[in-house]
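*Asks:* Below is the structure I would like to discuss, written out as structure tokens.
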Amino acid sequence: MRLPGWPWGILSLFSLAVLVLFVAYPMSVLTLHSLQDAQGHLTFAGFATVFGEAQYLEAIFNTLLLGVAVTCTSMALGVPLAYVIARCDFPLKNLVAILPLVTIIIPEVIVGQSWLMMLGNNGLITNSLREVGVSVPSFYGWGGMIFSMTLIYYTYVYLGTLAALRGFDGQLEEASLSLGASPLATRIKVLLPTVAPAILVNALVVFTLVVGNFALSSMLGGQIPLLSVMTYSLFVSEMGSSPVLQSSLSVVMVLLVGVVLFFQKRVVERKMVQMTQGRAPAPRRAESWRGSLLALAAVVVVTLSLVPLIAVFVGAFTKARGPVMHWGQWSTQSIERAFALAPEPIINSMLFAGSATLIGTALALLVSYLVVKKKSSLSGVLDYAVVLPLTISGTVLGIALVQSFNTGALVLTGTSSIMIVCYVVRRLPFGVRNASSMLYNIQGSIEEASVSLGVSPLMTFFKVVLPVIKTSILSAAILMWATSISELSASIVVYSGGLETLPISIFRLVDTGRLGLASAYGTVLVTLILVPLALAVKFFKINLFSVK
Amino acid sequence: MNMRFRWLTAAALSCAAFAVSAQTVVLYSSNNPEVIANAVASAKKQHPSLTVKQVTGGTGTLMKRIQAEAANAGGDILWSGGVGTLAAFTDVMESYQSPEAKAIPKQFQEAKNRYIGTNVHVMVLMVNDKQLKGLAAPKTWSDLMKPEWKGKVVITDPSKSGTAFIQIYGLLKQFGREGLEKIAANAVVVQSSGQVYKSVSAGEYPVGITIEASAYEFVAGGQKEIKLVYPSEGTYLGAEGMFIVKGAKNAAAAKQLYDVLLSKPAQELLLVENFRRPTRSDIAVSKLTSMPDLASLKVFPLNLQVATEEYEQLISMWNMAVAKAKR
């Protein structure tokens, strides 16, 4: 006889143990610390400070305001773009439709840095405009943050809306029109209610991303206090002393995001409309001037969101002497310096992201296989546990990990493993979501056939299931690679000597005004993301974003 | 899972490799990456087998970290922090008499050799010519107290930066509370020292009070409208120093790096490349750069150790002056 519960019960326990150790345990340590003073007594002083002092209340208010503002602007950009792409036809449409996806994989540090090089106080565009006598308002603050975040996060709204629009049954519209409703009334009364939940679900995702955003908030926020930046600087200044305040602020952030995600899961997602006989109306060629204008607007938006990618390449090959950029003069000096002077961040990034990709993809596959195919009470718990990291912003995760693994039985701070843990935990929910959606497409009967022919369950998984989803796994791995190599907010909290990665280096270089070298590292980072992606698309014919 | 196992083995092996190499030193540094890179290059040149691992962060952060790690030191050497700050942390320092210290003037040495000055910051006015808009460039501190400079002088909050603290302390000692209030009335106060030189370079403000090394980078980088003014009434000096961490795990390697950072080649390299004014008396600054020799500058002397003791007092006095100016 075999070991009871082998293999799936044991594997479920193992996965659960991993999540408990690296997610649940750190979060409980964090919560405990928020309620404990230096002597270990129960205290509410941390929360009293957070909700009593003007600066923290202001940070909470500003964070919510920024979240709402960016969510609105992202909707204002993403929904019309999706509509134009779904319903109109114009030259280069396929390219315009796919390009917004690139914004998701450009690291945020690079987006922030590039906009600063263009529109910052000493930016290329700012200076050129100043030359001709136009004074530009400062990019630091609300304007810069809303602008740059919108140009990244609209993609989420765009993708969700596009999917909903493509699944919409055009006959409903035709029915409405033939019953005498005007086209506008039809859109508002028939189309909008069916697509609205999909828009809202993604809008809420945008909101949580903005609340947790660290890179752009701290690079462009200027003098505006925000939760993520404040939590980070509290962590930095509270190191070694009682961590009550940083923990309290972290808990507040988790609750904030948790409430929104709960609302999204419980209320909005249930209102999603599934059309069984969806027959989306065919796109019409934009012929009138209005159509062309819409198409033009779409092209402008998409181009604008790709400016950072271009700027970082230009910056890397522009001559820089110390902090001064000599635009128009070219040099490979910055690139050479990046490789010769400090190749460590490049090596670290590849090592950590590579490990995280292997471990994360394997773990995501295991968890989703257990959840989708081997339903049990344990895998039910797993299903819930795996979405937990979504409520934890990077900064908070970093603080929780440092507090949990700095001393005690398992010391991880100062080792590469803590960086890899950061990457894996942050990306796991997305990995599991991707893997689950591919596993749903495999019928259980195939496996049953294999098992009934005498092949063990584990071998069946490797011989039958794995080959079927091979390319999907590859695309999931590439997404994991791209997103973890760009990770900043958690890793900048946990990193220590010798563990500096590319995003951390870029962030620090921008802070000291070294835009040339920062661009050089940025170019390396973007290359490390785009090359594997391009190779995979070319040689394995993967459809990278079909699983999103 | 095979890959994962292989990776773990590789990780274990590389850890082991680190453990056998005794020539590793962990440097805690608040300096920017380019400065550190030059220091590391200097160390490599003098001791090819020395590997420098770096942990970077603000001086305050690193000092707190060293205190927190007192029982189990994670770093071996800290470079650099203002000597006023260092004076408050002598209990985490290991004494070391470096052979290189002979060339360092007594004023930059500590009595018990617990820390030593590596470079000197000179406080300057960083002026952006293009933004003066008809005003004559200021020549000295009291020029900035005149009403026409209102909103045109950018300075760092002294509670946020060690060098800004010295600037404000100097102004108080030289011009009294009244002078400080006049400066506060004209000043735009920012929260990090980097913002001062970045915003003057960007033309947001015509004048900033900052350190020579940071301002000179823009001159050396080729931004023609940037000028440095050494106040004729006397400037203030802020020496920065380093120390070996008490209980350092790699004490021998730490001493090697300590000697390197005091050595003539390293201090010359950091002067020429990063404009760090050396503490060594045998380096001619004006020959190697277009910065003036320290001897040619008028200096208003400050006792930085006393300044640190008066820290709280000064900060509250400054905050009051700023609040008064707002009214």
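Identifiers for the structure tokens are assigned positionally: chains receive A, B, ... in sequence, residues are indexed from 1 per chain, and ligands are indexed from 1 in the order shown.
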Show me, as a ChimeraX atom specification, the residues of chain B whose atoms get within 9 Å of chain A, using only C-alpha atoms for the distance check.

*Replies:* /B:1,3-4,7,11,26-28,32-34,37-38,41,53-57,60-61,64-69,75,190-191,194,198-199,201-204,217-223,274

*Asks:* Would you kindly return, as a ChimeraX atom specification, each protein, DNA or RNA residue with an atom no farther than 9 Å from any atom of B:Met123, considering only C-alpha atoms and excluding same-chain residues fewer than 4 positions away?

*Replies:* /B:163,166-167,209-212,230-231,235-238

*Asks:* So which residues touch A:Ala24 within 12 Å, counting only C-alpha atoms, skipping near sequence neighbours fewer than 3 positions away, as a list of chain:residue names?

*Replies:*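 That gives A:Leu16, A:Ala17, A:Val18, A:Leu19, A:Val20, A:Leu21, A:Met27, A:Ser28, A:Val29, A:Leu30, A:Thr31, A:Leu382, A:Tyr384, A:Ala385, A:Val386, A:Val387, A:Leu388, A:Pro389, A:Thr391, A:Ile392, A:Leu397, A:Ala400, A:Leu401, A:Ser404, A:Val425.
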
*Asks:* Would you save the residues from that selection as a PDB file, in the first residue's frame, using N, CA and C atoms?

*Replies:*
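Once written, result-v1.pdb looks like this:
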ATOM      1  N   LEU A  16       0.571  24.568   1.081  1.00  0.00           N
ATOM      2  CA  LEU A  16      -0.031  25.371   2.128  1.00  0.00           C
ATOM      3  C   LEU A  16       1.031  25.827   3.130  1.00  0.00           C
ATOM      4  N   ALA A  17       1.947  24.916   3.438  1.00  0.00           N
ATOM      5  CA  ALA A  17       3.016  25.248   4.379  1.00  0.00           C
ATOM      6  C   ALA A  17       3.862  26.397   3.843  1.00  0.00           C
ATOM      7  N   VAL A  18       4.157  26.355   2.544  1.00  0.00           N
ATOM      8  CA  VAL A  18       4.943  27.428   1.928  1.00  0.00           C
ATOM      9  C   VAL A  18       4.216  28.761   2.074  1.00  0.00           C
ATOM     10  N   LEU A  19       2.915  28.760   1.789  1.00  0.00           N
ATOM     11  CA  LEU A  19       2.148  30.004   1.883  1.00  0.00           C
ATOM     12  C   LEU A  19       2.038  30.495   3.319  1.00  0.00           C
ATOM     13  N   VAL A  20       1.889  29.566   4.245  1.00  0.00           N
ATOM     14  CA  VAL A  20       1.809  29.960   5.652  1.00  0.00           C
ATOM     15  C   VAL A  20       3.131  30.595   6.076  1.00  0.00           C
ATOM     16  N   LEU A  21       4.227  29.937   5.696  1.00  0.00           N
ATOM     17  CA  LEU A  21       5.540  30.421   6.123  1.00  0.00           C
ATOM     18  C   LEU A  21       5.862  31.793   5.548  1.00  0.00           C
ATOM     19  N   MET A  27       2.637  38.151   7.889  1.00  0.00           N
ATOM     20  CA  MET A  27       1.549  39.106   8.118  1.00  0.00           C
ATOM     21  C   MET A  27       1.127  39.110   9.582  1.00  0.00           C
ATOM     22  N   SER A  28       1.163  37.932  10.238  1.00  0.00           N
ATOM     23  CA  SER A  28       0.773  37.923  11.649  1.00  0.00           C
ATOM     24  C   SER A  28       1.856  38.584  12.503  1.00  0.00           C
ATOM     25  N   VAL A  29       3.120  38.411  12.111  1.00  0.00           N
ATOM     26  CA  VAL A  29       4.195  39.098  12.837  1.00  0.00           C
ATOM     27  C   VAL A  29       3.997  40.605  12.737  1.00  0.00           C
ATOM     28  N   LEU A  30       3.681  41.050  11.533  1.00  0.00           N
ATOM     29  CA  LEU A  30       3.461  42.478  11.295  1.00  0.00           C
ATOM     30  C   LEU A  30       2.320  43.007  12.161  1.00  0.00           C
ATOM     31  N   THR A  31       1.210  42.251  12.181  1.00  0.00           N
ATOM     32  CA  THR A  31       0.056  42.669  12.958  1.00  0.00           C
ATOM     33  C   THR A  31       0.400  42.713  14.446  1.00  0.00           C
ATOM     34  N   LEU A 382      -6.332  26.348   0.072  1.00  0.00           N
ATOM     35  CA  LEU A 382      -5.240  26.808  -0.776  1.00  0.00           C
ATOM     36  C   LEU A 382      -5.726  27.875  -1.757  1.00  0.00           C
ATOM     37  N   TYR A 384      -8.039  29.998  -1.404  1.00  0.00           N
ATOM     38  CA  TYR A 384      -8.177  31.293  -0.766  1.00  0.00           C
ATOM     39  C   TYR A 384      -6.823  31.886  -0.389  1.00  0.00           C
ATOM     40  N   ALA A 385      -5.949  31.012   0.145  1.00  0.00           N
ATOM     41  CA  ALA A 385      -4.665  31.484   0.660  1.00  0.00           C
ATOM     42  C   ALA A 385      -3.828  32.132  -0.444  1.00  0.00           C
ATOM     43  N   VAL A 386      -3.981  31.627  -1.657  1.00  0.00           N
ATOM     44  CA  VAL A 386      -3.088  32.070  -2.716  1.00  0.00           C
ATOM     45  C   VAL A 386      -3.398  33.480  -3.222  1.00  0.00           C
ATOM     46  N   VAL A 387      -4.626  33.966  -2.952  1.00  0.00           N
ATOM     47  CA  VAL A 387      -4.925  35.336  -3.382  1.00  0.00           C
ATOM     48  C   VAL A 387      -4.542  36.369  -2.315  1.00  0.00           C
ATOM     49  N   LEU A 388      -4.194  35.871  -1.134  1.00  0.00           N
ATOM     50  CA  LEU A 388      -3.823  36.756  -0.033  1.00  0.00           C
ATOM     51  C   LEU A 388      -2.758  37.793  -0.401  1.00  0.00           C
ATOM     52  N   PRO A 389      -1.698  37.389  -1.117  1.00  0.00           N
ATOM     53  CA  PRO A 389      -0.655  38.373  -1.444  1.00  0.00           C
ATOM     54  C   PRO A 389      -1.168  39.582  -2.220  1.00  0.00           C
ATOM     55  N   THR A 391      -3.494  41.495  -1.470  1.00  0.00           N
ATOM     56  CA  THR A 391      -3.840  42.594  -0.579  1.00  0.00           C
ATOM     57  C   THR A 391      -2.598  43.268  -0.002  1.00  0.00           C
ATOM     58  N   ILE A 392      -1.446  42.621  -0.202  1.00  0.00           N
ATOM     59  CA  ILE A 392      -0.229  43.127   0.431  1.00  0.00           C
ATOM     60  C   ILE A 392       0.588  43.880  -0.599  1.00  0.00           C
ATOM     61  N   LEU A 397       4.877  43.983   2.169  1.00  0.00           N
ATOM     62  CA  LEU A 397       5.421  42.630   2.131  1.00  0.00           C
ATOM     63  C   LEU A 397       6.885  42.638   2.562  1.00  0.00           C
ATOM     64  N   ALA A 400       7.152  43.141   6.289  1.00  0.00           N
ATOM     65  CA  ALA A 400       6.733  41.939   7.016  1.00  0.00           C
ATOM     66  C   ALA A 400       7.820  40.860   6.942  1.00  0.00           C
ATOM     67  N   LEU A 401       8.421  40.698   5.772  1.00  0.00           N
ATOM     68  CA  LEU A 401       9.460  39.675   5.628  1.00  0.00           C
ATOM     69  C   LEU A 401      10.681  40.005   6.474  1.00  0.00           C
ATOM     70  N   SER A 404      10.015  39.291  10.053  1.00  0.00           N
ATOM     71  CA  SER A 404       9.850  37.881  10.372  1.00  0.00           C
ATOM     72  C   SER A 404      11.140  37.082  10.265  1.00  0.00           C
ATOM     73  N   VAL A 425       6.399  35.508  -3.974  1.00  0.00           N
ATOM     74  CA  VAL A 425       5.143  35.793  -3.283  1.00  0.00           C
ATOM     75  C   VAL A 425       4.329  36.830  -4.045  1.00  0.00           C
TER      76      VAL A 425
END

*Asks:* Show me a table, sorted first by chain and then by increasing residue number, of the residues of stretch 49-151 of chain B having an atom at most 7 Å from stretch 250-261 of chain B, each with its shortest atom pair and the distance in Å to one decimal, counting only C-alpha atoms and written as CSV.

*Replies:*
residue,atom,partner,partner_atom,distance
B:Asp76,CA,B:Ala254,CA,5.8
B:Ile77,CA,B:Ala254,CA,6.0
B:Ser98,CA,B:Asp259,CA,6.2
B:Glu100,CA,B:Asp259,CA,6.1

*Asks:* Write out, as a PDB file, in the first residue's frame, the residues just selected, with N, CA, C and O atoms.

*Replies:*
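After the write, again.pdb holds the following:
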ATOM      1  N   ASP B  76      31.645  45.941   8.430  1.00  0.00           N
ATOM      2  CA  ASP B  76      32.994  46.024   8.978  1.00  0.00           C
ATOM      3  C   ASP B  76      33.466  47.467   9.094  1.00  0.00           C
ATOM      4  O   ASP B  76      34.233  47.814   9.972  1.00  0.00           O
ATOM      5  N   ILE B  77      33.025  48.303   8.145  1.00  0.00           N
ATOM      6  CA  ILE B  77      33.529  49.671   8.122  1.00  0.00           C
ATOM      7  C   ILE B  77      32.431  50.595   7.625  1.00  0.00           C
ATOM      8  O   ILE B  77      31.645  50.209   6.754  1.00  0.00           O
ATOM      9  N   SER B  98      45.958  54.155  11.946  1.00  0.00           N
ATOM     10  CA  SER B  98      46.396  53.824  10.587  1.00  0.00           C
ATOM     11  C   SER B  98      47.754  54.448  10.305  1.00  0.00           C
ATOM     12  O   SER B  98      48.013  55.590  10.701  1.00  0.00           O
ATOM     13  N   GLU B 100      48.607  55.609   7.593  1.00  0.00           N
ATOM     14  CA  GLU B 100      48.353  56.718   6.679  1.00  0.00           C
ATOM     15  C   GLU B 100      47.984  58.001   7.431  1.00  0.00           C
ATOM     16  O   GLU B 100      47.996  59.095   6.866  1.00  0.00           O
TER      17      GLU B 100
END

*Asks:* When DSSP is applied to the backbone of this structure, which of stretch 79-261 of chain A are assigned alpha helix (DSSP H)? Write them out as a ChimeraX atom specification.

*Replies:* /A:79-87,93-98,100-105,108-119,124-131,142-166,170-178,183-186,192-212,215-220,227-238,244-261

*Asks:* Hey, what's within 9 Å of stretch 76-83 of chain A if we count only C-alpha atoms and toss same-chain stuff fewer than 5 positions away? As a VMD selection string, please?

*Replies:* chain A and resid 71 88 97 150 to 151 153 to 163 165 199 294 to 295 297 to 298 301

*Asks:* Limited to N, CA and C atoms, could you put the picked residues into a file as a tab-separated table (two decimals), in the first residue's frame?

*Replies:*
chain	number	residue	atom	x	y	z
A	71	THR	N	-7.78	56.02	-11.09
A	71	THR	CA	-8.79	55.08	-11.54
A	71	THR	C	-9.72	55.75	-12.56
A	88	CYS	N	-14.16	49.86	-34.35
A	88	CYS	CA	-13.71	50.55	-35.56
A	88	CYS	C	-12.58	49.78	-36.22
A	97	ALA	N	-3.72	47.75	-31.17
A	97	ALA	CA	-4.46	46.96	-30.20
A	97	ALA	C	-3.52	46.24	-29.23
A	150	THR	N	-1.54	56.93	-15.07
A	150	THR	CA	-2.63	56.68	-16.02
A	150	THR	C	-2.11	55.99	-17.27
A	151	LEU	N	-0.94	56.45	-17.75
A	151	LEU	CA	-0.42	55.90	-18.99
A	151	LEU	C	0.08	54.46	-18.82
A	153	TYR	N	-1.64	52.29	-16.18
A	153	TYR	CA	-2.73	51.48	-15.66
A	153	TYR	C	-3.96	51.46	-16.55
A	154	TYR	N	-4.06	52.37	-17.54
A	154	TYR	CA	-5.23	52.30	-18.41
A	154	TYR	C	-5.28	50.95	-19.12
A	155	THR	N	-4.10	50.32	-19.27
A	155	THR	CA	-4.05	49.05	-19.97
A	155	THR	C	-4.96	48.00	-19.32
A	156	TYR	N	-5.00	48.00	-17.96
A	156	TYR	CA	-5.84	47.02	-17.29
A	156	TYR	C	-7.32	47.23	-17.63
A	157	VAL	N	-7.75	48.49	-17.61
A	157	VAL	CA	-9.14	48.79	-17.94
A	157	VAL	C	-9.40	48.45	-19.41
A	158	TYR	N	-8.44	48.81	-20.25
A	158	TYR	CA	-8.56	48.56	-21.68
A	158	TYR	C	-8.75	47.07	-21.96
A	159	LEU	N	-7.89	46.23	-21.36
A	159	LEU	CA	-7.97	44.80	-21.62
A	159	LEU	C	-9.30	44.21	-21.16
A	160	GLY	N	-9.72	44.61	-19.95
A	160	GLY	CA	-10.97	44.08	-19.42
A	160	GLY	C	-12.17	44.50	-20.26
A	161	THR	N	-12.19	45.77	-20.62
A	161	THR	CA	-13.31	46.28	-21.40
A	161	THR	C	-13.34	45.65	-22.79
A	162	LEU	N	-12.16	45.53	-23.37
A	162	LEU	CA	-12.08	44.94	-24.71
A	162	LEU	C	-12.64	43.52	-24.71
A	163	ALA	N	-12.26	42.75	-23.70
A	163	ALA	CA	-12.76	41.37	-23.61
A	163	ALA	C	-14.28	41.37	-23.49
A	165	LEU	N	-16.38	43.73	-24.42
A	165	LEU	CA	-17.00	44.21	-25.66
A	165	LEU	C	-17.00	43.13	-26.74
A	199	ILE	N	-15.72	46.62	-16.52
A	199	ILE	CA	-14.94	47.85	-16.37
A	199	ILE	C	-14.61	48.09	-14.91
A	294	LEU	N	-11.01	59.51	-33.92
A	294	LEU	CA	-10.95	58.52	-32.86
A	294	LEU	C	-9.72	57.63	-33.02
A	295	ALA	N	-9.52	57.18	-34.25
A	295	ALA	CA	-8.38	56.31	-34.53
A	295	ALA	C	-7.08	57.04	-34.21
A	297	ALA	N	-6.69	59.46	-32.10
A	297	ALA	CA	-6.56	59.59	-30.65
A	297	ALA	C	-6.00	58.29	-30.07
A	298	ALA	N	-6.49	57.16	-30.57
A	298	ALA	CA	-6.00	55.87	-30.08
A	298	ALA	C	-4.51	55.74	-30.32
A	301	VAL	N	-2.55	58.00	-27.85
A	301	VAL	CA	-2.49	57.46	-26.49
A	301	VAL	C	-1.46	56.34	-26.40

*Asks:* What lies within 12 Å of A:Ile473 using only C-alpha atoms, ignoring chain neighbours under 3 positions off, as JSON, numbers by chain?

*Replies:* {"A": [357, 358, 360, 361, 362, 363, 364, 365, 366, 431, 432, 434, 435, 436, 437, 438, 439, 465, 466, 467, 468, 469, 470, 476, 477, 478, 479, 480, 536, 540, 542, 543, 544, 547]}
